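Read the structure below first, then the notes.
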Amino acid sequence: MAGPDVGVGELGDEPYQIARKFPGITVAVDIDRQHGIDVLESTVGPDVILMDDAFQHRKVNCERYILLTSYGHLYVDDWYLPTGNLRDSKREAKRAHLIVVTKCPKDLDRSEQEIIRKKLNPLPHQVVLFSYLEYSSRLKGFGEMGLEELKGRKVTLVTGIANPAPLVRYLESQGLILEHLSYRDHHFFSEREIGMFAKKEMVLTTEKDYVRLEGRVDHLYYISIKHIFMADGNEVMMKRLA
């Protein structure tokens with residue numbers, strides 16, 4: 001579990017990021033999900049346990065299942081590993097109580113939402129929600145600055161995430177001139193790469209990548225994000241999970 005003596009190397013980038021961002025919650029990592037749940041219940045006694053990437057873990061029976069699928073890569077159009085990204089049969093989508101289409105364009109209109117909804121073909125008990133990414137206007141890390149201060153400047157963007165395209169589009173729309181160094185999700189940055197980053201005037205990265213680069217690269221900043229539900233999505237989510 002997260003603690004003062006547990007670093008990003010032991011916990012992993014995403015869990016470590018969450019633990020730092022939300023210090024009021026308990027973050028635990030266990031390849032055996034059932035064992036991890038048993039430990040949490042015996043030591044913490046949580047009211048709610050929210051698991052990430054656990055849809056395919058049959059040993060765990062959850063009260064509610066949330067299926068996330070990306071706007072640009074819907075699960076109905078995807079295929080199984082290693083050809084695609086799916087870790088479970090498409091037929092298992094029937095277990096979901098909520099299906100959330102993530103990373104949508106902010107201006108996605110009702111008619112296109114309906115087209116996607118029909119393509120997903122939800123069962124009567126399933127609700128489909130749509131969300132988009134909202135990026136912060138403030139950069140943090142090596143000090144703090146407004147994103148507008150970088151307009152017209154060349155910035156080195158370093159990403160080790162699955163799909164950096166939405167972030168790249170957003171930054172370019174804000175007038176930044178990007179040198180984009182893109183790596184695979186959860187990429188381990190080598191000393192050679194760290195040395196290359198150190199020579200850059202300014203490095204901008206994601207919040208997830210920042211926890212692995214912090215203290216290793218000077219003039220390093222990150223941009224944080226929020227997931228925003230469209231329309232009445234927040235209210236629907238709360239009602240369905242109650």
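The way I read the labels, and the way they are meant: chains A, B, ... in the order of the structure tokens, residue 1 as the first residue of every chain, and ligand 1 as the first ligand shown, with later ones counted on from there.
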
Polymer residues at most 6 Å from Gly146 (chain A), only C-alpha atoms, same-chain spacing of 3 or more positions, as a list in words: Ser137, Arg138 and Glu149 of chain A

Residue neighbourhood Gly160 (chain A), 10 Å, only C-alpha atoms, exclusion window fewer than 3 positions, as JSON, numbers by chain: {"A": [163, 164, 181, 182, 183, 184, 185, 186, 187, 188, 189, 205, 206, 208, 209, 210]}

One-decimal distance in Å that lies between CA of Glu172 (chain A) and CA of Thr102 (chain A):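 Going from CA of Thr102 (chain A) over to CA of Glu172 (chain A), I get 20.8 Å.
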
Computed interatomic separation between CA of Gly195 (chain A) and CA of Gln174 (chain A) (Å):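 Between these atoms lies a distance of 28.2 Å.
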
Selection near region 67-69 of chain A, 7 Å with only C-alpha atoms, sequence-local residues under 6 positions removed, as a list in words: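 Within the cut-off, the hits are Tyr75, Ala96, Leu98, Ile99, Val100, Val101 and Thr102 of chain A.
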
Compile a residue-level contact table for region 128-223 of chain A against region 106-117 of chain A at a cut-off of 12 Å, reporting for every qualifying residue the shortest atom pair and its distance in Å to one decimal, with only C-alpha atoms counted, rows ordered by chain and ascending number, as JSON lines.
{"residue": "A:Val128", "atom": "CA", "partner": "A:Arg117", "partner_atom": "CA", "distance": 6.8}
{"residue": "A:Leu129", "atom": "CA", "partner": "A:Arg117", "partner_atom": "CA", "distance": 9.0}
{"residue": "A:Phe130", "atom": "CA", "partner": "A:Gln113", "partner_atom": "CA", "distance": 7.7}
{"residue": "A:Ser131", "atom": "CA", "partner": "A:Lys106", "partner_atom": "CA", "distance": 8.1}
{"residue": "A:Tyr132", "atom": "CA", "partner": "A:Lys106", "partner_atom": "CA", "distance": 5.8}
{"residue": "A:Leu133", "atom": "CA", "partner": "A:Lys106", "partner_atom": "CA", "distance": 7.8}
{"residue": "A:Glu134", "atom": "CA", "partner": "A:Lys106", "partner_atom": "CA", "distance": 8.5}
{"residue": "A:Tyr135", "atom": "CA", "partner": "A:Lys106", "partner_atom": "CA", "distance": 11.4}
{"residue": "A:Pro166", "atom": "CA", "partner": "A:Lys106", "partner_atom": "CA", "distance": 10.8}
{"residue": "A:Tyr170", "atom": "CA", "partner": "A:Lys106", "partner_atom": "CA", "distance": 11.1}

DSSP-assigned strand (DSSP E or B) members of region 13-240 of chain A, reported as a PyMOL selection string: chain A and resi 66-70+73+80+86+98-102+127-141+143-146+154-159+177-182+203-206+220-229

Using only C-alpha atoms, what does the table of region 40-110 of chain A residues within 8 Å of region 32-36 of chain A look like, with each row giving the shortest atom pair and its distance in Å to one decimal, sorted by chain and ascending number, as JSON lines?
{"residue": "A:Leu40", "atom": "CA", "partner": "A:Gly36", "partner_atom": "CA", "distance": 6.2}
{"residue": "A:His57", "atom": "CA", "partner": "A:Arg33", "partner_atom": "CA", "distance": 7.8}
{"residue": "A:Lys59", "atom": "CA", "partner": "A:Gln34", "partner_atom": "CA", "distance": 6.9}
{"residue": "A:Val60", "atom": "CA", "partner": "A:Gln34", "partner_atom": "CA", "distance": 6.2}

Keeping only C-alpha atoms, write those residues as a PDB file, in the first residue's frame.
ATOM      1  CA  LEU A  40      -7.748  -3.787   2.699  1.00  0.00           C
ATOM      2  CA  HIS A  57     -10.844 -10.662 -13.061  1.00  0.00           C
ATOM      3  CA  LYS A  59     -12.461 -14.182  -8.989  1.00  0.00           C
ATOM      4  CA  VAL A  60     -13.808 -10.824  -7.852  1.00  0.00           C
TER       5      VAL A  60
END

Point-to-point distance from CA of Val203 (chain A) to CA of Gly7 (chain A), Å rounded to tenths: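 If I compute the distance from CA of Val203 (chain A) to CA of Gly7 (chain A), I get 22.4 Å.
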
Alpha helix (DSSP H) call set, DSSP backbone run, region 37-205 of chain A, as a ChimeraX atom specification: /A:37-43,110-120,165-173,191-198
